[in-house]
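Okay, so here's the structure we're looking at.
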Amino acid sequence: MSAPGREPLRVALLDSIPVWGGGEKWCVSTARALAARGHHVLVGGARGSALEERASAAGLPLWSWRAGRLGWGLGARRDLARRLASERIEAVIASVGRDLRLAARALPDAGPGGSSGGGPLLLQRRGLLRPIRPTARNRRLYARVARVIVNCEAIGACMRSRADFVPRERFFVLPNGVERAAPPSAARRAEARDALGLPRDAALVAAIGRLAPMKGHDVLLAAWPAVLRAHPGALLAIAGDGEPRAELEALAARLGVAGSVRFLGFRADLAPVHAALDLFVLASVRDEGCNNALLEAMAHGRAAVVTDCGGLPELVVEGQTGRVVPVGDAGALGRALAELLVDDAARERMGEAAARRVEAEFTLERVTERLEGLLLELRG
């Protein structure tokens with residue numbers, strides 16, 4: 001519920017990425033969570049995108065327009081401006097640069113930093129580790145941005161590294177939030193293995209996320225032979241899809257590990273994967289922020305092995321909730337996976353600590369409360 005005595009917030013979330021990923025999941029889950037608290041949330045996305053499909057299926061108010069590699073199509077600014085005005089939107093949270101620029105053109109000028117002028121507020125939400133380029137256009141654009149919401153400290157530091165024109169106090173760290181979960185029972189684990197076509201008794205390591213170069217699946221496959229030498233019966237499940245799949249399958253064959261690697265493809269329902277796995281792995285090599293799949297694995301009481309990439313070490317505490325290895329170091333990754341697979345007690349202890357940390361800091365309820373508080377504070 002919204003704060004007593006306060007008018008419900010009226011917010012728009014704008015994201016033009018066509019495929020489903022962490023940012024798009026954030027839009028839908030945040031919109032639903034704010035709506036459940038009594039607020040009005042409009043989701044804006046590219047026509048034909050995964051975000052449009054998921055937001056529509058969730059019954060959320062939706063605005064969509066044509067968008068391509070070069071940006072939003074003609075007429076988008078005018079149409080969005082009409083929709084924002086008709087729904088009396090008071091804050092727009094935009095994603096990537098083209099979304100921020102579109103929102104800035106569609107909104108009446110709220111003044112520097114959104115602090116004056118009485119118009120709707122402009123905010124940005126970023127989940128990728130990339131700096132703000134110090135261009136004249138960005139200087140003008142970010143003068144209008146009331147807050148830059150980043151999902152980890154590392155992204156905030158990276159964005160500020162080349163943008164001294166954006167005051168530090170305008171950055172707001174808001175991690176991703178996930179639904180509460182519980183470690184699966186032995187019966188649920190066996191049921192999930194059966195559903196995925198995996199043997200019940202094998203040690204299972206799982207990587208969950210889209211198949212993209214930044215996720216380091218090639219490094220993970222290069223590390224896998226060392227894991228098999230220490231634990232010959234282990235299996236690696238890779239859940240997610242993308243263009244590199246055929247290349248990764250070929251790499252697994254060249255490394256001689258194809259028989260122990262299962263490519264599960266895209267799965268809308270990841271619950272069986274979380275129930276089936278023994279150890280989570282994320283071998284990202286760049287751009288990583290507060291990773292949703294990692295948080296969900298932690299919520300299910302699973303230890304994780306991750307790289308020292310972006311915001312991942314902010315989630316996994318070395319030796320407490322998992323292991324952290326250098327980026328791109330297949331040898332270190334293989335050793336960490338092998339050590340945890342053969343040490344059931346350590347893996348269980350770390351998984352329990354991971355679940356406690358998610359409950360304390362990263363539930364969707366807690367994170368939504370923080371976002372609601374920020375928006376109400378900016379409203380004044």
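Please note that chains go A, B, ... in the order of the structure tokens, that every chain numbers its residues from 1, and that ligands are numbered from 1 in the order shown.
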
Go through region 7-52 of chain A residue by residue and, counting only C-alpha atoms, keep those with an atom at most 12 Å from region 226-242 of chain A; for each kept residue give the shortest atom pair and its distance in Å to one decimal, ordered by chain and increasing number, as a tab-separated table.
residue	atom	partner	partner_atom	distance
A:Val19	CA	A:Gly242	CA	10.1
A:Trp20	CA	A:Asp241	CA	10.6
A:Gly21	CA	A:Gly240	CA	10.4

Quiz prompt | Long-range neighbours of Glu359 (chain A) as number ranges by chain, 12 Å cut-off, only C-alpha atoms, 2 positions minimum in chain | solution = A: 177-182, 295-296, 298-301, 352-357, 361-367

Those residues with N, CA and C atoms, as an mmCIF file, in the first residue's frame please?
data_model
loop_
_atom_site.group_PDB
_atom_site.id
_atom_site.type_symbol
_atom_site.label_atom_id
_atom_site.label_comp_id
_atom_site.auth_asym_id
_atom_site.auth_seq_id
_atom_site.Cartn_x
_atom_site.Cartn_y
_atom_site.Cartn_z
ATOM 1 N N GLY A 177 15.750 -6.849 -6.804
ATOM 2 C CA GLY A 177 15.045 -7.596 -5.775
ATOM 3 C C GLY A 177 14.464 -8.872 -6.348
ATOM 4 N N VAL A 178 14.423 -9.907 -5.559
ATOM 5 C CA VAL A 178 13.884 -11.190 -6.014
ATOM 6 C C VAL A 178 12.830 -11.685 -5.025
ATOM 7 N N GLU A 179 12.007 -12.575 -5.512
ATOM 8 C CA GLU A 179 10.984 -13.170 -4.653
ATOM 9 C C GLU A 179 11.630 -14.095 -3.620
ATOM 10 N N ARG A 180 11.003 -14.183 -2.475
ATOM 11 C CA ARG A 180 11.490 -15.114 -1.462
ATOM 12 C C ARG A 180 11.402 -16.548 -1.982
ATOM 13 N N ALA A 181 12.332 -17.366 -1.546
ATOM 14 C CA ALA A 181 12.351 -18.770 -1.952
ATOM 15 C C ALA A 181 12.852 -19.587 -0.773
ATOM 16 N N ALA A 182 12.841 -20.876 -0.937
ATOM 17 C CA ALA A 182 13.335 -21.777 0.101
ATOM 18 C C ALA A 182 14.122 -22.889 -0.566
ATOM 19 N N LEU A 295 21.127 -13.729 -7.754
ATOM 20 C CA LEU A 295 20.306 -13.475 -6.559
ATOM 21 C C LEU A 295 19.261 -14.567 -6.361
ATOM 22 N N GLU A 296 18.664 -15.026 -7.447
ATOM 23 C CA GLU A 296 17.647 -16.079 -7.330
ATOM 24 C C GLU A 296 18.263 -17.384 -6.842
ATOM 25 N N MET A 298 20.908 -17.608 -4.926
ATOM 26 C CA MET A 298 21.190 -17.368 -3.509
ATOM 27 C C MET A 298 19.923 -17.490 -2.678
ATOM 28 N N ALA A 299 18.808 -16.955 -3.206
ATOM 29 C CA ALA A 299 17.536 -17.048 -2.480
ATOM 30 C C ALA A 299 17.121 -18.495 -2.270
ATOM 31 N N HIS A 300 17.496 -19.371 -3.213
ATOM 32 C CA HIS A 300 17.179 -20.796 -3.088
ATOM 33 C C HIS A 300 18.201 -21.545 -2.230
ATOM 34 N N GLY A 301 19.095 -20.807 -1.591
ATOM 35 C CA GLY A 301 20.061 -21.439 -0.700
ATOM 36 C C GLY A 301 21.206 -22.115 -1.415
ATOM 37 N N GLU A 352 23.375 -21.517 2.855
ATOM 38 C CA GLU A 352 22.521 -21.001 3.927
ATOM 39 C C GLU A 352 22.811 -19.522 4.188
ATOM 40 N N ALA A 353 24.091 -19.145 4.158
ATOM 41 C CA ALA A 353 24.455 -17.740 4.355
ATOM 42 C C ALA A 353 23.943 -16.877 3.206
ATOM 43 N N ALA A 354 23.971 -17.421 2.001
ATOM 44 C CA ALA A 354 23.465 -16.679 0.840
ATOM 45 C C ALA A 354 21.976 -16.403 0.979
ATOM 46 N N ALA A 355 21.213 -17.399 1.407
ATOM 47 C CA ALA A 355 19.773 -17.221 1.575
ATOM 48 C C ALA A 355 19.467 -16.179 2.651
ATOM 49 N N ARG A 356 20.225 -16.189 3.727
ATOM 50 C CA ARG A 356 20.017 -15.188 4.791
ATOM 51 C C ARG A 356 20.311 -13.785 4.272
ATOM 52 N N ARG A 357 21.332 -13.661 3.446
ATOM 53 C CA ARG A 357 21.677 -12.332 2.929
ATOM 54 C C ARG A 357 20.598 -11.801 2.003
ATOM 55 N N GLU A 361 18.534 -8.269 2.538
ATOM 56 C CA GLU A 361 18.840 -7.113 1.704
ATOM 57 C C GLU A 361 18.188 -7.081 0.326
ATOM 58 N N PHE A 362 17.799 -8.229 -0.230
ATOM 59 C CA PHE A 362 17.483 -8.258 -1.646
ATOM 60 C C PHE A 362 16.109 -8.813 -1.996
ATOM 61 N N THR A 363 15.193 -8.826 -1.062
ATOM 62 C CA THR A 363 13.852 -9.267 -1.439
ATOM 63 C C THR A 363 13.172 -8.155 -2.247
ATOM 64 N N LEU A 364 12.266 -8.546 -3.121
ATOM 65 C CA LEU A 364 11.551 -7.574 -3.938
ATOM 66 C C LEU A 364 10.809 -6.575 -3.058
ATOM 67 N N GLU A 365 10.273 -7.044 -1.947
ATOM 68 C CA GLU A 365 9.539 -6.161 -1.035
ATOM 69 C C GLU A 365 10.441 -5.059 -0.480
ATOM 70 N N ARG A 366 11.634 -5.441 -0.011
ATOM 71 C CA ARG A 366 12.545 -4.451 0.574
ATOM 72 C C ARG A 366 13.024 -3.450 -0.472
ATOM 73 N N VAL A 367 13.374 -3.944 -1.643
ATOM 74 C CA VAL A 367 13.891 -3.069 -2.684
ATOM 75 C C VAL A 367 12.801 -2.119 -3.187
#

Quiz item: For Thr321 (chain A), which residue out of A:Arg302, A:Arg101, A:Arg200, A:Arg335 is the nearest one, using only C-alpha atoms?
Solution: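 Nearest candidate to Thr321 (chain A) out of A:Arg302, A:Arg101, A:Arg200, A:Arg335: A:Arg302.
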
Practice problem: Once DSSP has gone over the backbone, tell me which residues of region 19-192 of chain A are in strand (DSSP E), as a VMD selection string. | Solution: chain A and resid 40 to 46 62 to 65 67 to 68 71 to 72 91 to 94 121 to 126 145 to 150 171 to 173

Restricted to C-alpha atoms, what would the selected residues look like written as a short mmCIF file (atom, residue, chain, number, x, y, z; two decimals), in the first residue's frame?
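Below is the file that was written, selection_23.cif:
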data_model
loop_
_atom_site.label_atom_id
_atom_site.label_comp_id
_atom_site.auth_asym_id
_atom_site.auth_seq_id
_atom_site.Cartn_x
_atom_site.Cartn_y
_atom_site.Cartn_z
CA HIS A 40 0.01 3.61 -11.09
CA VAL A 41 2.81 2.34 -13.36
CA LEU A 42 3.02 2.60 -17.16
CA VAL A 43 5.51 0.31 -18.94
CA GLY A 44 6.96 1.62 -22.21
CA GLY A 45 8.79 -0.64 -24.63
CA ALA A 46 9.58 -1.42 -28.24
CA LEU A 62 1.47 -0.40 -21.69
CA TRP A 63 2.84 2.07 -24.25
CA SER A 64 4.79 0.74 -27.23
CA TRP A 65 6.29 2.17 -30.41
CA ALA A 67 12.24 0.93 -32.22
CA GLY A 68 15.26 -0.39 -34.08
CA GLY A 71 16.68 4.24 -31.96
CA TRP A 72 13.00 5.02 -31.58
CA ALA A 91 8.29 10.49 -13.01
CA VAL A 92 9.84 8.60 -15.91
CA ILE A 93 12.58 6.05 -15.26
CA ALA A 94 14.43 5.39 -18.53
CA LEU A 121 10.88 14.07 -13.09
CA LEU A 122 13.38 12.30 -15.32
CA LEU A 123 15.43 9.43 -13.89
CA GLN A 124 17.69 6.80 -15.38
CA ARG A 125 18.09 3.21 -14.23
CA ARG A 126 21.27 1.39 -15.24
CA VAL A 145 18.22 13.90 -14.67
CA ALA A 146 17.02 13.98 -11.08
CA ARG A 147 18.59 10.63 -10.12
CA VAL A 148 20.65 7.91 -11.75
CA ILE A 149 19.52 4.62 -10.21
CA VAL A 150 22.29 2.01 -10.36
CA PHE A 171 23.38 8.54 -7.91
CA PHE A 172 21.16 6.16 -5.97
CA VAL A 173 22.12 2.52 -5.42
#

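Comparing A:Leu51, A:Leu9, A:Gly119, A:Ile17 by their smallest distance to Ala35 (chain A), the closest is A:Leu9 (using only C-alpha atoms).
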